[in-house]
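One file, data_31.txt, is given below (compact mmCIF, N, CA and C atoms).
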# COMPACT_ATOMS: atom_id res chain seq x y z
N MET A 797 0.83 -1.18 0.00
CA MET A 797 0.00 0.00 0.00
C MET A 797 0.88 1.25 0.00
N THR A 798 0.41 2.26 -0.67
CA THR A 798 1.08 3.55 -0.74
C THR A 798 0.18 4.58 -0.10
N THR A 799 0.75 5.49 0.70
CA THR A 799 -0.01 6.56 1.32
C THR A 799 0.39 7.87 0.66
N CYS A 800 -0.60 8.63 0.22
CA CYS A 800 -0.34 9.93 -0.40
C CYS A 800 0.15 10.90 0.66
N PRO A 801 1.31 11.55 0.45
CA PRO A 801 1.82 12.49 1.45
C PRO A 801 1.00 13.77 1.55
N LEU A 802 0.16 14.07 0.56
CA LEU A 802 -0.65 15.28 0.61
C LEU A 802 -1.97 15.06 1.34
N CYS A 803 -2.74 14.04 0.93
CA CYS A 803 -4.07 13.86 1.50
C CYS A 803 -4.16 12.69 2.47
N GLY A 804 -3.11 11.83 2.54
CA GLY A 804 -3.12 10.71 3.47
C GLY A 804 -3.92 9.51 2.98
N TYR A 805 -4.37 9.52 1.74
CA TYR A 805 -5.17 8.44 1.17
C TYR A 805 -4.29 7.22 0.92
N ASP A 806 -4.76 6.03 1.33
CA ASP A 806 -4.04 4.78 1.09
C ASP A 806 -4.56 4.14 -0.19
N PHE A 807 -3.65 3.73 -1.08
CA PHE A 807 -4.05 3.10 -2.33
C PHE A 807 -2.97 2.13 -2.78
N ASP A 808 -3.33 1.24 -3.70
CA ASP A 808 -2.41 0.25 -4.23
C ASP A 808 -1.71 0.81 -5.45
N ALA A 809 -0.46 1.17 -5.32
CA ALA A 809 0.30 1.76 -6.42
C ALA A 809 0.57 0.75 -7.53
N ASN A 810 0.56 -0.54 -7.21
CA ASN A 810 0.80 -1.56 -8.23
C ASN A 810 -0.31 -1.59 -9.27
N ALA A 811 -1.53 -1.19 -8.87
CA ALA A 811 -2.67 -1.22 -9.78
C ALA A 811 -2.72 0.03 -10.67
N LEU A 812 -1.86 1.01 -10.41
CA LEU A 812 -1.88 2.26 -11.17
C LEU A 812 -0.82 2.25 -12.26
N SER A 813 -1.09 2.98 -13.31
CA SER A 813 -0.09 3.19 -14.35
C SER A 813 -0.27 4.59 -14.89
N CYS A 814 0.78 5.13 -15.45
CA CYS A 814 0.75 6.50 -15.97
C CYS A 814 0.10 6.49 -17.35
N ARG A 815 -1.18 6.73 -17.41
CA ARG A 815 -1.91 6.78 -18.67
C ARG A 815 -2.80 8.01 -18.72
N GLU A 816 -2.38 9.06 -18.03
CA GLU A 816 -3.15 10.30 -17.99
C GLU A 816 -3.16 10.94 -19.37
N ALA A 817 -4.31 11.40 -19.81
CA ALA A 817 -4.42 12.09 -21.08
C ALA A 817 -3.67 13.41 -21.01
N GLY A 818 -2.82 13.65 -21.97
CA GLY A 818 -2.07 14.89 -22.02
C GLY A 818 -0.76 14.86 -21.25
N CYS A 819 -0.48 13.78 -20.55
CA CYS A 819 0.77 13.68 -19.79
C CYS A 819 1.91 13.42 -20.78
N PRO A 820 2.93 14.29 -20.83
CA PRO A 820 4.01 14.10 -21.79
C PRO A 820 4.86 12.87 -21.47
N LEU A 821 4.81 12.38 -20.25
CA LEU A 821 5.61 11.20 -19.89
C LEU A 821 4.86 9.90 -20.12
N ALA A 822 3.54 9.97 -20.43
CA ALA A 822 2.73 8.76 -20.59
C ALA A 822 3.22 7.91 -21.76
N GLU A 823 3.79 8.54 -22.77
CA GLU A 823 4.27 7.82 -23.95
C GLU A 823 5.60 7.11 -23.68
N LEU A 824 6.33 7.57 -22.68
CA LEU A 824 7.67 7.03 -22.42
C LEU A 824 7.59 5.75 -21.60
N GLN A 825 8.51 4.87 -21.83
CA GLN A 825 8.59 3.64 -21.06
C GLN A 825 9.20 3.87 -19.69
N GLY A 826 9.95 4.97 -19.53
CA GLY A 826 10.67 5.21 -18.29
C GLY A 826 9.94 6.08 -17.28
N CYS A 827 8.63 6.25 -17.42
CA CYS A 827 7.87 7.09 -16.49
C CYS A 827 7.86 6.44 -15.11
N VAL A 828 8.25 7.20 -14.10
CA VAL A 828 8.33 6.66 -12.74
C VAL A 828 7.43 7.45 -11.78
N MET A 829 6.35 7.99 -12.30
CA MET A 829 5.45 8.79 -11.47
C MET A 829 4.21 7.99 -11.09
N ILE A 830 3.72 8.24 -9.86
CA ILE A 830 2.46 7.69 -9.38
C ILE A 830 1.56 8.87 -9.08
N CYS A 831 0.31 8.81 -9.51
CA CYS A 831 -0.67 9.86 -9.24
C CYS A 831 -1.67 9.34 -8.23
N CYS A 832 -1.89 10.08 -7.15
CA CYS A 832 -2.87 9.70 -6.14
C CYS A 832 -4.27 9.72 -6.78
N PRO A 833 -5.03 8.63 -6.67
CA PRO A 833 -6.37 8.62 -7.27
C PRO A 833 -7.36 9.51 -6.52
N ASN A 834 -7.02 9.93 -5.30
CA ASN A 834 -7.92 10.78 -4.50
C ASN A 834 -7.74 12.26 -4.82
N CYS A 835 -6.49 12.74 -4.83
CA CYS A 835 -6.26 14.19 -5.00
C CYS A 835 -5.44 14.54 -6.23
N GLY A 836 -4.85 13.54 -6.91
CA GLY A 836 -4.08 13.80 -8.11
C GLY A 836 -2.62 14.16 -7.87
N TYR A 837 -2.17 14.17 -6.61
CA TYR A 837 -0.78 14.50 -6.27
C TYR A 837 0.15 13.49 -6.93
N GLN A 838 1.23 13.98 -7.56
CA GLN A 838 2.18 13.11 -8.23
C GLN A 838 3.43 12.94 -7.38
N MET A 839 3.91 11.70 -7.34
CA MET A 839 5.11 11.38 -6.57
C MET A 839 5.90 10.31 -7.33
N PRO A 840 7.21 10.23 -7.10
CA PRO A 840 7.99 9.22 -7.81
C PRO A 840 7.70 7.82 -7.28
N ASP A 841 7.69 6.85 -8.18
CA ASP A 841 7.53 5.44 -7.81
C ASP A 841 8.90 4.93 -7.39
N GLU A 842 9.08 4.74 -6.10
CA GLU A 842 10.40 4.37 -5.58
C GLU A 842 10.83 2.99 -6.03
N ARG A 843 9.89 2.17 -6.47
CA ARG A 843 10.23 0.84 -6.96
C ARG A 843 10.94 0.92 -8.31
N GLN A 844 10.66 1.98 -9.09
CA GLN A 844 11.24 2.11 -10.43
C GLN A 844 12.30 3.20 -10.53
N SER A 845 12.27 4.17 -9.63
CA SER A 845 13.21 5.29 -9.69
C SER A 845 14.48 4.96 -8.92
N LYS A 846 15.60 4.93 -9.60
CA LYS A 846 16.87 4.64 -8.93
C LYS A 846 17.25 5.75 -7.97
N LEU A 847 16.99 7.01 -8.36
CA LEU A 847 17.34 8.14 -7.52
C LEU A 847 16.52 8.13 -6.23
N ALA A 848 15.21 7.88 -6.33
CA ALA A 848 14.36 7.85 -5.14
C ALA A 848 14.81 6.73 -4.20
N GLY A 849 15.17 5.58 -4.75
CA GLY A 849 15.65 4.47 -3.93
C GLY A 849 16.95 4.82 -3.23
N LEU A 850 17.85 5.51 -3.93
CA LEU A 850 19.12 5.93 -3.34
C LEU A 850 18.89 6.91 -2.19
N LEU A 851 18.02 7.90 -2.43
CA LEU A 851 17.73 8.89 -1.38
C LEU A 851 17.06 8.24 -0.18
N ARG A 852 16.16 7.29 -0.41
CA ARG A 852 15.50 6.58 0.69
C ARG A 852 16.53 5.81 1.51
N GLY A 853 17.52 5.22 0.83
CA GLY A 853 18.55 4.47 1.53
C GLY A 853 19.45 5.36 2.38
N LEU A 854 19.58 6.64 2.02
CA LEU A 854 20.42 7.55 2.78
C LEU A 854 19.73 8.10 4.03
N GLN A 855 18.41 7.99 4.07
CA GLN A 855 17.68 8.49 5.22
C GLN A 855 17.94 7.62 6.44
N LYS A 856 17.83 8.23 7.59
CA LYS A 856 18.00 7.48 8.83
C LYS A 856 16.78 6.58 9.06
N ALA A 857 16.94 5.59 9.88
CA ALA A 857 15.83 4.70 10.22
C ALA A 857 14.75 5.50 10.94
N PRO A 858 13.48 5.18 10.71
CA PRO A 858 12.40 5.91 11.37
C PRO A 858 12.43 5.67 12.88
N PRO A 859 11.93 6.63 13.66
CA PRO A 859 11.91 6.45 15.10
C PRO A 859 11.00 5.30 15.48
N ALA A 860 11.27 4.67 16.62
CA ALA A 860 10.53 3.50 17.06
C ALA A 860 9.07 3.85 17.35
N ALA A 861 8.83 4.95 18.01
CA ALA A 861 7.46 5.32 18.38
C ALA A 861 7.08 6.62 17.67
N ARG A 862 5.94 6.60 16.99
CA ARG A 862 5.44 7.81 16.32
C ARG A 862 4.54 8.57 17.27
N PRO A 863 4.56 9.90 17.19
CA PRO A 863 3.63 10.69 18.01
C PRO A 863 2.18 10.38 17.64
N VAL A 864 1.29 10.68 18.55
CA VAL A 864 -0.13 10.42 18.35
C VAL A 864 -0.70 11.39 17.31
N THR A 865 -1.40 10.85 16.33
CA THR A 865 -2.07 11.65 15.32
C THR A 865 -3.54 11.78 15.72
N ARG A 866 -4.05 13.01 15.70
CA ARG A 866 -5.44 13.25 16.09
C ARG A 866 -5.97 14.47 15.34
N PRO A 867 -7.30 14.66 15.36
CA PRO A 867 -7.86 15.84 14.71
C PRO A 867 -7.42 17.12 15.42
N VAL A 868 -7.36 18.22 14.68
CA VAL A 868 -6.90 19.49 15.25
C VAL A 868 -7.84 19.96 16.37
N CYS A 869 -9.12 19.61 16.28
CA CYS A 869 -10.06 20.06 17.31
C CYS A 869 -9.85 19.34 18.65
N ALA A 870 -9.00 18.28 18.68
CA ALA A 870 -8.71 17.57 19.92
C ALA A 870 -7.55 18.21 20.69
N LEU A 871 -6.91 19.22 20.11
CA LEU A 871 -5.83 19.92 20.81
C LEU A 871 -6.40 20.79 21.93
N LYS A 872 -5.54 21.19 22.85
CA LYS A 872 -5.93 22.13 23.89
C LYS A 872 -5.83 23.55 23.33
N GLN A 873 -6.61 24.44 23.88
CA GLN A 873 -6.59 25.83 23.42
C GLN A 873 -5.19 26.41 23.58
N GLY A 874 -4.66 27.01 22.51
CA GLY A 874 -3.33 27.60 22.51
C GLY A 874 -2.23 26.64 22.12
N GLN A 875 -2.55 25.35 21.96
CA GLN A 875 -1.55 24.34 21.62
C GLN A 875 -1.24 24.36 20.13
N SER A 876 0.04 24.18 19.79
CA SER A 876 0.48 24.13 18.40
C SER A 876 0.71 22.69 17.97
N ALA A 877 0.60 22.45 16.66
CA ALA A 877 0.79 21.11 16.14
C ALA A 877 1.23 21.19 14.68
N THR A 878 1.76 20.09 14.19
CA THR A 878 2.15 19.96 12.79
C THR A 878 1.08 19.17 12.05
N VAL A 879 0.66 19.68 10.91
CA VAL A 879 -0.35 19.00 10.11
C VAL A 879 0.28 17.75 9.49
N VAL A 880 -0.38 16.60 9.67
CA VAL A 880 0.11 15.34 9.14
C VAL A 880 -0.62 14.97 7.86
N ALA A 881 -1.95 15.14 7.85
CA ALA A 881 -2.74 14.77 6.68
C ALA A 881 -4.05 15.53 6.67
N LEU A 882 -4.63 15.63 5.49
CA LEU A 882 -5.96 16.21 5.31
C LEU A 882 -6.85 15.09 4.80
N ARG A 883 -7.89 14.74 5.56
CA ARG A 883 -8.78 13.63 5.20
C ARG A 883 -10.13 14.16 4.75
N PHE A 884 -10.26 14.42 3.46
CA PHE A 884 -11.50 14.93 2.89
C PHE A 884 -11.76 14.23 1.57
N ASP A 885 -13.04 13.95 1.28
CA ASP A 885 -13.41 13.37 -0.01
C ASP A 885 -13.44 14.44 -1.10
N ASP A 886 -13.68 15.68 -0.71
CA ASP A 886 -13.81 16.78 -1.66
C ASP A 886 -12.44 17.44 -1.86
N ALA A 887 -11.91 17.35 -3.08
CA ALA A 887 -10.60 17.96 -3.38
C ALA A 887 -10.67 19.47 -3.28
N GLY A 888 -11.84 20.06 -3.48
CA GLY A 888 -11.99 21.51 -3.36
C GLY A 888 -11.73 22.00 -1.95
N VAL A 889 -12.15 21.22 -0.96
CA VAL A 889 -11.89 21.59 0.44
C VAL A 889 -10.39 21.58 0.70
N MET A 890 -9.70 20.55 0.20
CA MET A 890 -8.25 20.47 0.40
C MET A 890 -7.54 21.63 -0.29
N ASP A 891 -8.01 21.99 -1.48
CA ASP A 891 -7.41 23.12 -2.20
C ASP A 891 -7.56 24.42 -1.42
N ARG A 892 -8.76 24.66 -0.86
CA ARG A 892 -8.99 25.89 -0.10
C ARG A 892 -8.14 25.92 1.17
N LEU A 893 -8.03 24.78 1.86
CA LEU A 893 -7.20 24.74 3.07
C LEU A 893 -5.73 24.98 2.72
N CYS A 894 -5.26 24.39 1.64
CA CYS A 894 -3.87 24.59 1.22
C CYS A 894 -3.63 26.05 0.85
N ALA A 895 -4.63 26.72 0.28
CA ALA A 895 -4.50 28.13 -0.06
C ALA A 895 -4.31 28.99 1.19
N TYR A 896 -4.86 28.55 2.31
CA TYR A 896 -4.69 29.27 3.57
C TYR A 896 -3.44 28.82 4.34
N GLY A 897 -2.69 27.87 3.80
CA GLY A 897 -1.46 27.43 4.44
C GLY A 897 -1.62 26.18 5.27
N ILE A 898 -2.79 25.55 5.24
CA ILE A 898 -3.00 24.31 5.99
C ILE A 898 -2.71 23.15 5.03
N ALA A 899 -1.52 22.59 5.15
CA ALA A 899 -1.06 21.48 4.32
C ALA A 899 -0.14 20.62 5.17
N PRO A 900 0.07 19.36 4.78
CA PRO A 900 0.98 18.51 5.54
C PRO A 900 2.34 19.18 5.72
N GLY A 901 2.82 19.19 6.96
CA GLY A 901 4.10 19.80 7.29
C GLY A 901 3.98 21.19 7.87
N SER A 902 2.84 21.85 7.71
CA SER A 902 2.68 23.21 8.25
C SER A 902 2.35 23.15 9.74
N VAL A 903 2.71 24.21 10.44
CA VAL A 903 2.45 24.31 11.88
C VAL A 903 1.25 25.22 12.09
N ILE A 904 0.27 24.71 12.86
CA ILE A 904 -0.92 25.49 13.16
C ILE A 904 -1.14 25.53 14.66
N GLN A 905 -1.92 26.50 15.11
CA GLN A 905 -2.22 26.65 16.53
C GLN A 905 -3.73 26.72 16.69
N LEU A 906 -4.26 26.00 17.67
CA LEU A 906 -5.69 26.04 17.95
C LEU A 906 -5.96 27.20 18.90
N GLU A 907 -6.76 28.16 18.43
CA GLU A 907 -7.09 29.34 19.24
C GLU A 907 -8.33 29.09 20.11
N GLN A 908 -9.38 28.50 19.52
CA GLN A 908 -10.59 28.19 20.28
C GLN A 908 -11.36 27.10 19.56
N THR A 909 -12.29 26.43 20.29
CA THR A 909 -13.10 25.36 19.70
C THR A 909 -14.59 25.69 19.67
N ARG A 910 -15.05 26.60 20.47
CA ARG A 910 -16.48 26.95 20.53
C ARG A 910 -16.66 28.44 20.44
N PRO A 911 -17.62 28.95 19.75
CA PRO A 911 -18.66 28.30 18.95
C PRO A 911 -18.14 27.80 17.61
N ALA A 912 -17.01 28.28 17.15
CA ALA A 912 -16.38 27.79 15.92
C ALA A 912 -14.93 27.47 16.22
N VAL A 913 -14.35 26.60 15.41
CA VAL A 913 -12.94 26.26 15.57
C VAL A 913 -12.12 27.36 14.90
N ILE A 914 -11.24 28.01 15.68
CA ILE A 914 -10.39 29.08 15.17
C ILE A 914 -8.95 28.57 15.16
N LEU A 915 -8.33 28.64 13.98
CA LEU A 915 -6.95 28.17 13.80
C LEU A 915 -6.07 29.35 13.41
N LYS A 916 -4.81 29.30 13.86
CA LYS A 916 -3.84 30.31 13.49
C LYS A 916 -2.71 29.61 12.73
N ILE A 917 -2.48 30.11 11.51
CA ILE A 917 -1.43 29.57 10.64
C ILE A 917 -0.52 30.73 10.31
N GLY A 918 0.63 30.81 10.93
CA GLY A 918 1.50 31.97 10.75
C GLY A 918 0.80 33.21 11.29
N GLU A 919 0.56 34.19 10.44
CA GLU A 919 -0.15 35.40 10.84
C GLU A 919 -1.62 35.37 10.41
N THR A 920 -2.05 34.26 9.82
CA THR A 920 -3.43 34.12 9.35
C THR A 920 -4.29 33.46 10.41
N VAL A 921 -5.46 34.02 10.67
CA VAL A 921 -6.43 33.44 11.60
C VAL A 921 -7.62 32.99 10.76
N LEU A 922 -8.01 31.71 10.92
CA LEU A 922 -9.04 31.11 10.08
C LEU A 922 -10.08 30.42 10.94
N SER A 923 -11.34 30.62 10.62
CA SER A 923 -12.45 29.94 11.29
C SER A 923 -12.94 28.81 10.39
N VAL A 924 -13.05 27.60 10.94
CA VAL A 924 -13.56 26.44 10.20
C VAL A 924 -14.64 25.77 11.03
N ASP A 925 -15.54 25.04 10.36
CA ASP A 925 -16.56 24.34 11.12
C ASP A 925 -16.01 23.04 11.69
N GLN A 926 -16.76 22.42 12.56
CA GLN A 926 -16.30 21.23 13.29
C GLN A 926 -15.96 20.09 12.33
N GLY A 927 -16.74 19.89 11.28
CA GLY A 927 -16.47 18.82 10.32
C GLY A 927 -15.14 18.99 9.61
N ILE A 928 -14.80 20.22 9.26
CA ILE A 928 -13.51 20.48 8.62
C ILE A 928 -12.37 20.24 9.62
N ALA A 929 -12.55 20.71 10.85
CA ALA A 929 -11.52 20.54 11.88
C ALA A 929 -11.24 19.06 12.17
N GLU A 930 -12.26 18.21 12.07
CA GLU A 930 -12.05 16.79 12.32
C GLU A 930 -11.28 16.11 11.19
N GLY A 931 -11.27 16.71 9.99
CA GLY A 931 -10.53 16.14 8.88
C GLY A 931 -9.08 16.60 8.80
N ILE A 932 -8.67 17.55 9.65
CA ILE A 932 -7.29 18.02 9.68
C ILE A 932 -6.56 17.23 10.76
N LEU A 933 -5.70 16.29 10.37
CA LEU A 933 -5.00 15.45 11.34
C LEU A 933 -3.63 16.04 11.65
N VAL A 934 -3.31 16.11 12.95
CA VAL A 934 -2.09 16.77 13.40
C VAL A 934 -1.34 15.92 14.41
N GLU A 935 -0.09 16.26 14.62
CA GLU A 935 0.74 15.73 15.71
C GLU A 935 1.15 16.91 16.56
N ALA A 936 0.85 16.87 17.85
CA ALA A 936 1.15 17.96 18.76
C ALA A 936 2.65 18.17 18.87
N LEU A 937 3.05 19.43 19.03
CA LEU A 937 4.48 19.77 19.21
C LEU A 937 4.86 19.67 20.67
Let me see the structure of the file written as structure tokens.
Amino acid sequence: MTTCPLCGYDFDANALSCREAGCPLAELQGCVMICCPNCGYQMPDERQSKLAGLLRGLQKAPPAARPVTRPVCALKQGQSATVVALRFDDAGVMDRLCAYGIAPGSVIQLEQTRPAVILKIGETVLSVDQGIAEGILVEAL
């Protein structure tokens, strides 16, 4: 299974092939890209890319215990966290959140949870409803 680093969607990369209409690499035999079927994010296929395999081999071993991943609305007021994934069926919601700076790897702070969830991303303050806040998965700092 492959997990999309943008939306967190799990999919079988073996069942995918680069046959996108208009893709200039689709005609080539050496295409090493995988497209997420949920959000369309493109990433190299590490099974076919020699460079990606080399870079993966140079990385350190992952830590034994991963921090707890939870929705942003489960944080305490004033607590900061790193966005791990966005879990939404609607790609438009993910696009709008990314436009405000809420994307995997970004640091956000929970300002309040009631009556609306208020998030702070850098100098931007954003109000989201409870359903959106539950789809933003974070790891507390």
- Task: For region 797-806 of chain A, list every protein, DNA or RNA residue within 6 Å, evaluated using only N, CA and C atoms, and leave out those in the same chain fewer than 4 positions away; present the list as a ChimeraX atom specification.
- Result: /A:881-883,900
- Message: Which residues are close to region 833-838 of chain A, i.e. within 6.5 Å by only N, CA and C atoms, leaving aside same-chain residues fewer than 3 positions away? Reply as a PyMOL selection string.
- Response: chain A and resi 829-830+887
- Quick one: of A:Asn810, A:Thr909, A:Gln855, A:Ser876, who's nearest to Asp925 (chain A), counting only C-alpha atoms? A:Thr909
Test item: residues at most 6.5 Å from Gln844 (chain A), all atoms listed in the file, excluding those fewer than 3 positions along its chain, as a CSV table (one decimal) with N, CA and C atoms, in the frame of the given file:
chain,number,residue,atom,x,y,z
A,828,VAL,N,8.2,7.2,-14.1
A,828,VAL,CA,8.3,6.7,-12.7
A,828,VAL,C,7.4,7.4,-11.8
A,841,ASP,N,7.7,6.8,-8.2
A,841,ASP,CA,7.5,5.4,-7.8
A,841,ASP,C,8.9,4.9,-7.4
A,847,LEU,N,17.0,7.0,-8.4
A,847,LEU,CA,17.3,8.1,-7.5
A,847,LEU,C,16.5,8.1,-6.2
- Members of chain A assigned alpha helix (DSSP H) by DSSP, as a PyMOL selection string: chain A and resi 846-854+887-895+926-931
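Taking atom C of Arg852 (chain A) and atom N of Glu935 (chain A) as endpoints, the distance between them is 23.6 Å.
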- If you run DSSP over the backbone, which residues in chain A end up strand (DSSP E or B)? Put them as a PyMOL selection string. chain A and resi 798-799+806-807+829-831+838-840+865-867+876-882+903-908+913-917+920-924+932-936
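Atom C of Gly918 (chain A) is positioned 12.1 Å from atom C of Ala895 (chain A).
The two atoms in question, CA of Gly874 (chain A) and atom C of Leu906 (chain A), are spaced 4.5 Å apart.
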- Message: At a cut-off of 8 Å, using all atoms listed in the file, what residues contact Ile898 (chain A)? Leave out same-chain residues fewer than 6 positions from it and give the result as a list in words.
- Response: Val879, Ala881, Leu882, Met890, Arg892, Ile904 and Ile917 of chain A
